Amino acid sequence: MFKQNMKNYFFYIFIFFGLNTLAQEYQWTGSSNTEDFFDEFNWKETTTDEYPPTNSINPEEPIQFNLFITCNVVADGEISLEENVKITIINGELDAEKIRGIGEIILNESSYLNINTSYPIDEGILIKINSDKSWVRLYDLEPTSALYYYQDNFYNENQILTYPETLRIDNYYSNGSIIRKYGLNNSNLSVYSDEGFNGESIEITSNIVHVGESILENLNDNISSFILKRGYMATFAEHEDGSGNSKVFIASENDIAVSELSEYLNNKISFIRVVPWNWVTKKGTAGDILNMGNDWFYKWSNNGNSDINREYSPMAWGKGAADDDNDIEIIKDKYKSTHILAFNEPDDCNGQSGQYGNMCVVDTSLTYYKNLLKSGLRTVSPACRQGGVFDWLNEFNSKAVDQKIRIDVIAVHWYDWASNPENSPNANPQDIFNRFVNYLDSVHQIYNLPIWITEFNANKYRNEWVHRQFLQLALPFLEETEYIERYAFFEPITDVANFFDENNNFTQIGEYYHDFMSTNSIVNEQYSSPSNLNYDDYEFNELECDPNNSFLSENIIDLIPEISIYPNPSKDVIFINIQEEIKILKIINLNGKVIKSLEPKNNINISFLEEGMYLINVNNYFVKFLKN
């Protein structure tokens, strides 16, 4: 375990433990050694340290006082809030079945609310997402419904958040959604010059690419540790074009804290990009086909767009989509996209992308593929014809390794062409399936990387029954096979195995594909993505959470008795008694926001403040005071 050496982190923890207000308010202690929200012995009053009254925090019964949460808290039942009652989360996580009533949930720094029912939030509940590093996760409400029912419930401070300008709604696998504040200046990656999160540090802004000297504080080629917040993906590379030693980290469910980079990347990073992660299942569609029960698709081009329920994976189909920086900017600007698919069957000199611009020449394709690394996305290899994966792509990969050009995922096409399908329209589906499995196993043994099957079927010469039986064997295998990340059944260019009939109703194959429940594309909560260049894995540090003041043991925030404030409470003016010269003087609210920076002196006019509890920062020491 490690204690995170960042001053603002401990500052928030201090705020949490230093709360004091006029009304009864209770802070989480976890004293019962459980995570039970409804156990009154897990709470204490912020001024008296007394427990809440017995049966004052019960499922479905209105709570009448404010609560402050840190660490992980679980409400096995519905939480009900009376009007104006607030639950404030600071560096913590609340799992609940439902939030009812007329109150507020306030998500401050690194705070997460997870709700697991189909009707998760009453209309009267306001949720204030006050940090870029926080989210609301609805397990059983997909993005369209989440927006429809709750578009007026989400705020930043007192400003309503609007989709897609300031509110982001991502997929959370097949039935859920994750809702968070959206902005181009969000920062969810901290990098440090020294091991153990020490030395010079900067916050890396999400979405844009940071290269060379734009990595400030002399941290270009000078990064030894980092912290990536959950819900984000970071790509690091040695060279400013994204090539060289490089690696992708995905903080899917938990923060990634790497206290010591391996020699492969340590002090070699001059390219960084951070993008929001989007949680998808394995099942997708080849083509922009609606209503297929999938949450990702591609369309053999870079001109598609994600919608609220589906992630679009752009493809650089051929040379024309990868030969200049304008093409890269198109890819970088794709909302919700986390991967870039490379060329379509470049091994075919007489067809597909291979016939244009000498793309069937491995060296030519590799030159343009290298440009795709500038996107900072996770990269998927060119998708060859069935046999091309064993020769053309093998040569492509070998040369990519020699030139330090990263490939994260192997893409394949499979149509069972090696079985003489023209002469076997009624082939045994089991035999076809066995060949399919053997093919995928062989590909994985060669490259030892995750696989995307971007086109596959039992072959256009086979009848509908064969396709249907093959699909019923193939889909369960693809779901249970760990190295398969994504797949997209591609309807044969005939009328034998389409998803829809002439009346636009599901065929049997379409209905089966639509109804088949898919599983998580990447199951890891924290993922150090392998590539053709590097298989380094990391033992990720975890943050120890102890609400009983253990965070303060670092003395990052020092509380000293030599400082006093009087009168306290006060309506107009307070005076500061301190045994040293005042150099820093700020008023801060209980959410950690600086209300006003003041001229250093021993008296402060506080008449402009609303009634309530505040903190005063005196030379980076913190004292509470009450404005009445």
# chains A, B, ... in the order shown; residues from 1 in each chain; ligands from 1
>>> residues_around(residues="range 308-323 of chain A", least_positions_apart="4", cutoff="7 Å", atoms="only C-alpha atoms", output="number ranges by chain")
A: 143-144, 171, 295-298, 300-302, 304, 327-328, 331, 336-337, 339-344, 353, 357, 359, 368-369, 371-372
>>> select_by_dssp(residues="range 323-475 of chain A", states="helix (DSSP H, G or I)", output="NGL selection string")
:A and (325-332 or 352-355 or 362-375 or 386-389 or 392-402 or 417-419 or 421-423 or 429-447 or 464-475)
>>> residues_around(residues="Glu511 in chain A", least_positions_apart="4", cutoff="10 Å", atoms="only C-alpha atoms", output="PyMOL selection string")
chain A and resi 292-293+499-500+505-507+515-516
>>> residues_around(residues="Gln159 in chain A", least_positions_apart="2", cutoff="12 Å", atoms="only C-alpha atoms", output="PDB file with C-alpha atoms, in the first residue's frame")
ATOM      1  CA  LEU A 126     -29.787  16.648  -7.679  1.00  0.00           C
ATOM      2  CA  ILE A 127     -26.320  15.240  -8.310  1.00  0.00           C
ATOM      3  CA  LYS A 128     -23.492  17.770  -8.310  1.00  0.00           C
ATOM      4  CA  ILE A 129     -20.386  16.494 -10.087  1.00  0.00           C
ATOM      5  CA  ASN A 130     -17.830  18.996  -8.839  1.00  0.00           C
ATOM      6  CA  ASP A 152     -31.946  17.809 -15.643  1.00  0.00           C
ATOM      7  CA  ASN A 153     -30.458  16.119 -12.568  1.00  0.00           C
ATOM      8  CA  PHE A 154     -26.731  16.700 -13.085  1.00  0.00           C
ATOM      9  CA  TYR A 155     -24.919  19.878 -12.045  1.00  0.00           C
ATOM     10  CA  ASN A 156     -21.439  21.230 -11.600  1.00  0.00           C
ATOM     11  CA  GLU A 157     -21.706  23.372  -8.476  1.00  0.00           C
ATOM     12  CA  LEU A 161     -24.577  20.096 -17.085  1.00  0.00           C
ATOM     13  CA  THR A 162     -25.753  19.571 -20.661  1.00  0.00           C
ATOM     14  CA  THR A 166     -20.447  19.666 -20.541  1.00  0.00           C
ATOM     15  CA  LEU A 167     -21.871  16.234 -19.707  1.00  0.00           C
ATOM     16  CA  LYS A 181     -18.426  16.108 -16.241  1.00  0.00           C
TER      17      LYS A 181
END
>>> atom_distance(atom1="CA of Ile522 in chain A", atom2="CA of Ile227 in chain A")
20.3 Å
>>> select_by_dssp(residues="range 393-503 of chain A", states="strand (DSSP E)", output="PyMOL selection string")
chain A and resi 410-414+451-456+484-489
>>> write_last_selection(atoms="all heavy atoms", output="compact mmCIF listing (two decimals), in the first residue's frame")
# COMPACT_ATOMS: atom_id res chain seq x y z
N ILE A 410 -4.28 -7.60 -32.73
CA ILE A 410 -4.24 -8.22 -34.06
C ILE A 410 -5.66 -8.34 -34.59
O ILE A 410 -6.54 -8.88 -33.93
CB ILE A 410 -3.59 -9.61 -34.01
CG1 ILE A 410 -2.14 -9.52 -33.50
CG2 ILE A 410 -3.63 -10.28 -35.38
CD1 ILE A 410 -1.22 -8.69 -34.37
N ALA A 411 -5.88 -7.83 -35.82
CA ALA A 411 -7.19 -7.94 -36.48
C ALA A 411 -7.12 -9.07 -37.51
O ALA A 411 -6.12 -9.23 -38.22
CB ALA A 411 -7.55 -6.64 -37.17
N VAL A 412 -8.20 -9.85 -37.60
CA VAL A 412 -8.25 -10.95 -38.57
C VAL A 412 -9.61 -10.96 -39.27
O VAL A 412 -10.62 -10.47 -38.75
CB VAL A 412 -8.01 -12.33 -37.91
CG1 VAL A 412 -6.65 -12.38 -37.24
CG2 VAL A 412 -9.12 -12.66 -36.91
N HIS A 413 -9.60 -11.53 -40.48
CA HIS A 413 -10.82 -11.89 -41.22
C HIS A 413 -10.83 -13.41 -41.37
O HIS A 413 -9.78 -14.03 -41.53
CB HIS A 413 -10.82 -11.26 -42.61
CG HIS A 413 -10.96 -9.77 -42.60
ND1 HIS A 413 -10.79 -9.00 -43.73
CD2 HIS A 413 -11.26 -8.90 -41.61
CE1 HIS A 413 -10.98 -7.73 -43.44
NE2 HIS A 413 -11.26 -7.64 -42.15
N TRP A 414 -12.01 -13.99 -41.35
CA TRP A 414 -12.08 -15.45 -41.52
C TRP A 414 -13.38 -15.83 -42.22
O TRP A 414 -14.47 -15.46 -41.76
CB TRP A 414 -12.02 -16.16 -40.16
CG TRP A 414 -11.88 -17.65 -40.30
CD1 TRP A 414 -10.73 -18.36 -40.45
CD2 TRP A 414 -12.94 -18.61 -40.30
NE1 TRP A 414 -10.99 -19.70 -40.55
CE2 TRP A 414 -12.35 -19.89 -40.47
CE3 TRP A 414 -14.32 -18.53 -40.19
CZ2 TRP A 414 -13.09 -21.05 -40.51
CZ3 TRP A 414 -15.07 -19.69 -40.23
CH2 TRP A 414 -14.46 -20.94 -40.39
N ILE A 451 -7.01 -10.30 -29.89
CA ILE A 451 -7.48 -10.42 -31.28
C ILE A 451 -8.85 -9.76 -31.42
O ILE A 451 -9.73 -9.94 -30.58
CB ILE A 451 -7.56 -11.91 -31.70
CG1 ILE A 451 -6.15 -12.50 -31.79
CG2 ILE A 451 -8.29 -12.07 -33.03
CD1 ILE A 451 -6.13 -13.99 -32.08
N TRP A 452 -9.00 -9.01 -32.50
CA TRP A 452 -10.30 -8.55 -32.97
C TRP A 452 -10.63 -9.28 -34.27
O TRP A 452 -9.81 -9.27 -35.20
CB TRP A 452 -10.29 -7.05 -33.26
CG TRP A 452 -10.27 -6.15 -32.08
CD1 TRP A 452 -9.85 -6.43 -30.81
CD2 TRP A 452 -10.68 -4.77 -32.06
NE1 TRP A 452 -9.96 -5.33 -30.01
CE2 TRP A 452 -10.46 -4.30 -30.74
CE3 TRP A 452 -11.18 -3.91 -33.01
CZ2 TRP A 452 -10.75 -2.99 -30.36
CZ3 TRP A 452 -11.47 -2.59 -32.64
CH2 TRP A 452 -11.26 -2.14 -31.33
N ILE A 453 -11.81 -9.88 -34.35
CA ILE A 453 -12.26 -10.53 -35.58
C ILE A 453 -13.22 -9.54 -36.23
O ILE A 453 -14.40 -9.46 -35.86
CB ILE A 453 -12.94 -11.87 -35.30
CG1 ILE A 453 -12.08 -12.71 -34.35
CG2 ILE A 453 -13.19 -12.64 -36.59
CD1 ILE A 453 -12.83 -13.82 -33.69
N THR A 454 -12.74 -8.78 -37.19
CA THR A 454 -13.53 -7.68 -37.73
C THR A 454 -14.43 -8.11 -38.89
O THR A 454 -15.31 -7.34 -39.28
CB THR A 454 -12.61 -6.54 -38.17
OG1 THR A 454 -11.60 -7.04 -39.04
CG2 THR A 454 -11.95 -5.90 -36.96
N GLU A 455 -14.20 -9.29 -39.45
CA GLU A 455 -15.13 -9.88 -40.43
C GLU A 455 -15.07 -11.40 -40.26
O GLU A 455 -13.97 -11.96 -40.22
CB GLU A 455 -14.74 -9.54 -41.87
CG GLU A 455 -14.83 -8.08 -42.25
CD GLU A 455 -14.44 -7.84 -43.72
OE1 GLU A 455 -14.48 -8.83 -44.51
OE2 GLU A 455 -14.10 -6.70 -44.06
N PHE A 456 -16.21 -12.04 -40.18
CA PHE A 456 -16.22 -13.51 -40.20
C PHE A 456 -17.62 -14.01 -40.50
O PHE A 456 -18.62 -13.37 -40.14
CB PHE A 456 -15.69 -14.09 -38.89
CG PHE A 456 -16.66 -14.10 -37.74
CD1 PHE A 456 -17.31 -15.26 -37.35
CD2 PHE A 456 -16.92 -12.93 -37.02
CE1 PHE A 456 -18.20 -15.27 -36.29
CE2 PHE A 456 -17.81 -12.92 -35.96
CZ PHE A 456 -18.46 -14.10 -35.58
N ILE A 484 -9.78 -13.08 -27.11
CA ILE A 484 -10.68 -12.41 -28.05
C ILE A 484 -11.24 -11.17 -27.38
O ILE A 484 -11.99 -11.26 -26.41
CB ILE A 484 -11.83 -13.32 -28.51
CG1 ILE A 484 -11.29 -14.60 -29.16
CG2 ILE A 484 -12.76 -12.57 -29.46
CD1 ILE A 484 -10.50 -14.37 -30.42
N GLU A 485 -10.88 -9.98 -27.89
CA GLU A 485 -11.38 -8.74 -27.31
C GLU A 485 -12.68 -8.28 -27.96
O GLU A 485 -13.60 -7.83 -27.27
CB GLU A 485 -10.33 -7.63 -27.47
CG GLU A 485 -9.43 -7.50 -26.28
CD GLU A 485 -8.59 -6.26 -26.35
OE1 GLU A 485 -8.86 -5.34 -27.15
OE2 GLU A 485 -7.62 -6.20 -25.57
N ARG A 486 -12.75 -8.34 -29.28
CA ARG A 486 -13.95 -7.90 -29.98
C ARG A 486 -14.17 -8.76 -31.22
O ARG A 486 -13.22 -9.34 -31.76
CB ARG A 486 -13.86 -6.43 -30.40
CG ARG A 486 -13.66 -5.45 -29.25
CD ARG A 486 -13.90 -4.01 -29.71
NE ARG A 486 -13.50 -3.03 -28.71
CZ ARG A 486 -13.72 -1.73 -28.80
NH1 ARG A 486 -14.35 -1.24 -29.87
NH2 ARG A 486 -13.33 -0.90 -27.86
N TYR A 487 -15.42 -8.80 -31.67
CA TYR A 487 -15.74 -9.52 -32.90
C TYR A 487 -16.94 -8.86 -33.56
O TYR A 487 -17.77 -8.21 -32.90
CB TYR A 487 -16.04 -10.99 -32.63
CG TYR A 487 -17.21 -11.26 -31.72
CD1 TYR A 487 -18.52 -11.27 -32.21
CD2 TYR A 487 -17.03 -11.49 -30.35
CE1 TYR A 487 -19.61 -11.51 -31.37
CE2 TYR A 487 -18.11 -11.72 -29.51
CZ TYR A 487 -19.38 -11.74 -30.02
OH TYR A 487 -20.46 -11.97 -29.19
N ALA A 488 -17.02 -9.03 -34.89
CA ALA A 488 -18.14 -8.48 -35.66
C ALA A 488 -18.49 -9.47 -36.77
O ALA A 488 -17.72 -9.64 -37.72
CB ALA A 488 -17.77 -7.13 -36.26
N PHE A 489 -19.62 -10.15 -36.63
CA PHE A 489 -20.12 -11.02 -37.69
C PHE A 489 -20.46 -10.16 -38.89
O PHE A 489 -21.13 -9.14 -38.77
CB PHE A 489 -21.36 -11.77 -37.20
CG PHE A 489 -21.94 -12.72 -38.22
CD1 PHE A 489 -21.33 -13.94 -38.48
CD2 PHE A 489 -23.09 -12.39 -38.91
CE1 PHE A 489 -21.87 -14.82 -39.41
CE2 PHE A 489 -23.63 -13.26 -39.85
CZ PHE A 489 -23.03 -14.47 -40.10
>>> residues_around(residues="Tyr439 in chain A", least_positions_apart="6", cutoff="10 Å", atoms="only C-alpha atoms", output="PyMOL selection string")
chain A and resi 386-387+412+414+416+433+445
>>> write_last_selection(atoms="all heavy atoms", output="short mmCIF file (atom, residue, chain, number, x, y, z; two decimals), in the first residue's frame")
data_model
loop_
_atom_site.label_atom_id
_atom_site.label_comp_id
_atom_site.auth_asym_id
_atom_site.auth_seq_id
_atom_site.Cartn_x
_atom_site.Cartn_y
_atom_site.Cartn_z
N GLN A 386 -7.57 -14.24 -44.91
CA GLN A 386 -7.42 -15.34 -43.95
C GLN A 386 -5.99 -15.86 -43.87
O GLN A 386 -5.44 -16.03 -42.79
CB GLN A 386 -8.38 -16.47 -44.34
CG GLN A 386 -8.45 -17.60 -43.32
CD GLN A 386 -9.63 -18.51 -43.63
OE1 GLN A 386 -10.71 -18.05 -43.98
NE2 GLN A 386 -9.43 -19.80 -43.49
N GLY A 387 -5.36 -16.11 -45.00
CA GLY A 387 -4.01 -16.65 -44.98
C GLY A 387 -2.94 -15.60 -44.78
O GLY A 387 -1.81 -15.92 -44.38
N VAL A 412 -8.20 -9.85 -37.60
CA VAL A 412 -8.25 -10.95 -38.57
C VAL A 412 -9.61 -10.96 -39.27
O VAL A 412 -10.62 -10.47 -38.75
CB VAL A 412 -8.01 -12.33 -37.91
CG1 VAL A 412 -6.65 -12.38 -37.24
CG2 VAL A 412 -9.12 -12.66 -36.91
N TRP A 414 -12.01 -13.99 -41.35
CA TRP A 414 -12.08 -15.45 -41.52
C TRP A 414 -13.38 -15.83 -42.22
O TRP A 414 -14.47 -15.46 -41.76
CB TRP A 414 -12.02 -16.16 -40.16
CG TRP A 414 -11.88 -17.65 -40.30
CD1 TRP A 414 -10.73 -18.36 -40.45
CD2 TRP A 414 -12.94 -18.61 -40.30
NE1 TRP A 414 -10.99 -19.70 -40.55
CE2 TRP A 414 -12.35 -19.89 -40.47
CE3 TRP A 414 -14.32 -18.53 -40.19
CZ2 TRP A 414 -13.09 -21.05 -40.51
CZ3 TRP A 414 -15.07 -19.69 -40.23
CH2 TRP A 414 -14.46 -20.94 -40.39
N ASP A 416 -13.40 -19.21 -43.87
CA ASP A 416 -13.26 -20.65 -44.13
C ASP A 416 -12.94 -20.93 -45.60
O ASP A 416 -13.37 -21.95 -46.16
CB ASP A 416 -14.52 -21.40 -43.69
CG ASP A 416 -14.25 -22.90 -43.49
OD1 ASP A 416 -13.09 -23.25 -43.16
OD2 ASP A 416 -15.19 -23.70 -43.65
N PHE A 433 -16.72 -24.81 -37.38
CA PHE A 433 -16.38 -24.20 -36.09
C PHE A 433 -15.00 -24.67 -35.63
O PHE A 433 -14.19 -23.86 -35.15
CB PHE A 433 -17.43 -24.56 -35.05
CG PHE A 433 -17.06 -24.20 -33.64
CD1 PHE A 433 -17.01 -22.87 -33.24
CD2 PHE A 433 -16.74 -25.18 -32.71
CE1 PHE A 433 -16.65 -22.52 -31.95
CE2 PHE A 433 -16.39 -24.85 -31.42
CZ PHE A 433 -16.34 -23.51 -31.03
N GLN A 445 -1.05 -17.90 -31.02
CA GLN A 445 0.26 -18.48 -30.70
C GLN A 445 1.38 -17.72 -31.38
O GLN A 445 2.48 -17.58 -30.84
CB GLN A 445 0.28 -19.95 -31.11
CG GLN A 445 -0.54 -20.85 -30.21
CD GLN A 445 -0.60 -22.28 -30.71
OE1 GLN A 445 0.22 -22.71 -31.51
NE2 GLN A 445 -1.60 -23.04 -30.24
#
>>> residues_around(residues="Ala497 in chain A", least_positions_apart="3", cutoff="12 Å", atoms="only C-alpha atoms", output="number ranges by chain")
A: 456-471, 489-494, 500-501, 506-513
>>> residues_around(residues="Phe68 in chain A", least_positions_apart="3", cutoff="8 Å", atoms="only C-alpha atoms", output="count of residues only")
9
>>> atom_distance(atom1="CA of Ile584 in chain A", atom2="CA of Asn91 in chain A")
25.8 Å
>>> closest_residue(among="A:Val258, A:Leu216, A:Ile588, A:Cys360", to="Val623 in chain A", atoms="only C-alpha atoms")
A:Ile588
>>> closest_residue(among="A:Ile223, A:Ile595, A:Leu475, A:Ala383", to="Ser518 in chain A", atoms="only C-alpha atoms")
A:Leu475
>>> decode(residues="range 193-221 of chain A", atoms="N, CA and C atoms", output="short mmCIF file (atom, residue, chain, number, x, y, z; two decimals), in the first residue's frame")
data_model
loop_
_atom_site.label_atom_id
_atom_site.label_comp_id
_atom_site.auth_asym_id
_atom_site.auth_seq_id
_atom_site.Cartn_x
_atom_site.Cartn_y
_atom_site.Cartn_z
N SER A 193 8.67 13.33 -11.76
CA SER A 193 10.04 13.16 -12.22
C SER A 193 10.78 12.07 -11.45
N ASP A 194 10.35 11.78 -10.22
CA ASP A 194 11.04 10.80 -9.40
C ASP A 194 10.14 9.61 -9.11
N GLU A 195 10.74 8.54 -8.69
CA GLU A 195 9.98 7.37 -8.27
C GLU A 195 9.16 7.69 -7.03
N GLY A 196 8.12 6.92 -6.82
CA GLY A 196 7.31 7.07 -5.62
C GLY A 196 6.47 8.33 -5.59
N PHE A 197 6.18 8.91 -6.78
CA PHE A 197 5.32 10.10 -6.88
C PHE A 197 5.96 11.31 -6.21
N ASN A 198 7.27 11.42 -6.41
CA ASN A 198 8.03 12.52 -5.83
C ASN A 198 8.67 13.36 -6.93
N GLY A 199 9.32 14.44 -6.52
CA GLY A 199 9.99 15.31 -7.47
C GLY A 199 9.04 16.29 -8.13
N GLU A 200 9.44 16.82 -9.29
CA GLU A 200 8.57 17.71 -10.06
C GLU A 200 7.37 16.93 -10.57
N SER A 201 6.23 17.63 -10.68
CA SER A 201 5.02 16.93 -11.16
C SER A 201 4.16 17.91 -11.95
N ILE A 202 3.36 17.36 -12.86
CA ILE A 202 2.38 18.15 -13.60
C ILE A 202 1.14 17.31 -13.82
N GLU A 203 0.04 18.00 -14.05
CA GLU A 203 -1.21 17.36 -14.44
C GLU A 203 -1.31 17.40 -15.96
N ILE A 204 -1.58 16.25 -16.57
CA ILE A 204 -1.66 16.14 -18.02
C ILE A 204 -3.11 16.30 -18.47
N THR A 205 -3.37 17.28 -19.31
CA THR A 205 -4.71 17.54 -19.81
C THR A 205 -5.16 16.41 -20.73
N SER A 206 -6.42 16.01 -20.59
CA SER A 206 -6.95 14.91 -21.39
C SER A 206 -7.22 15.36 -22.82
N ASN A 207 -7.32 14.37 -23.70
CA ASN A 207 -7.71 14.50 -25.11
C ASN A 207 -6.59 14.97 -26.02
N ILE A 208 -5.90 16.04 -25.69
CA ILE A 208 -4.87 16.52 -26.61
C ILE A 208 -3.59 15.70 -26.45
N VAL A 209 -2.72 15.77 -27.47
CA VAL A 209 -1.44 15.07 -27.44
C VAL A 209 -0.38 16.02 -26.88
N HIS A 210 0.39 15.54 -25.91
CA HIS A 210 1.48 16.30 -25.32
C HIS A 210 2.80 15.68 -25.80
N VAL A 211 3.63 16.49 -26.43
CA VAL A 211 4.89 15.97 -26.96
C VAL A 211 6.03 16.91 -26.61
N GLY A 212 7.22 16.35 -26.46
CA GLY A 212 8.43 17.12 -26.30
C GLY A 212 8.36 18.18 -25.23
N GLU A 213 8.72 19.40 -25.60
CA GLU A 213 8.79 20.48 -24.63
C GLU A 213 7.42 20.95 -24.15
N SER A 214 6.34 20.52 -24.80
CA SER A 214 5.01 20.86 -24.28
C SER A 214 4.69 20.07 -23.02
N ILE A 215 5.50 19.06 -22.70
CA ILE A 215 5.42 18.39 -21.40
C ILE A 215 6.24 19.26 -20.45
N LEU A 216 5.55 20.05 -19.65
CA LEU A 216 6.18 21.14 -18.91
C LEU A 216 6.99 20.66 -17.72
N GLU A 217 7.53 21.65 -17.00
CA GLU A 217 8.32 21.42 -15.77
C GLU A 217 9.52 20.50 -16.02
N ASN A 218 10.09 20.60 -17.22
CA ASN A 218 11.28 19.80 -17.57
C ASN A 218 11.06 18.30 -17.43
N LEU A 219 9.80 17.88 -17.67
CA LEU A 219 9.49 16.45 -17.52
C LEU A 219 9.56 15.68 -18.84
N ASN A 220 9.91 16.34 -19.94
CA ASN A 220 10.15 15.61 -21.17
C ASN A 220 11.36 14.69 -20.98
N ASP A 221 11.17 13.41 -21.25
CA ASP A 221 12.21 12.40 -21.01
C ASP A 221 12.65 12.38 -19.55
#
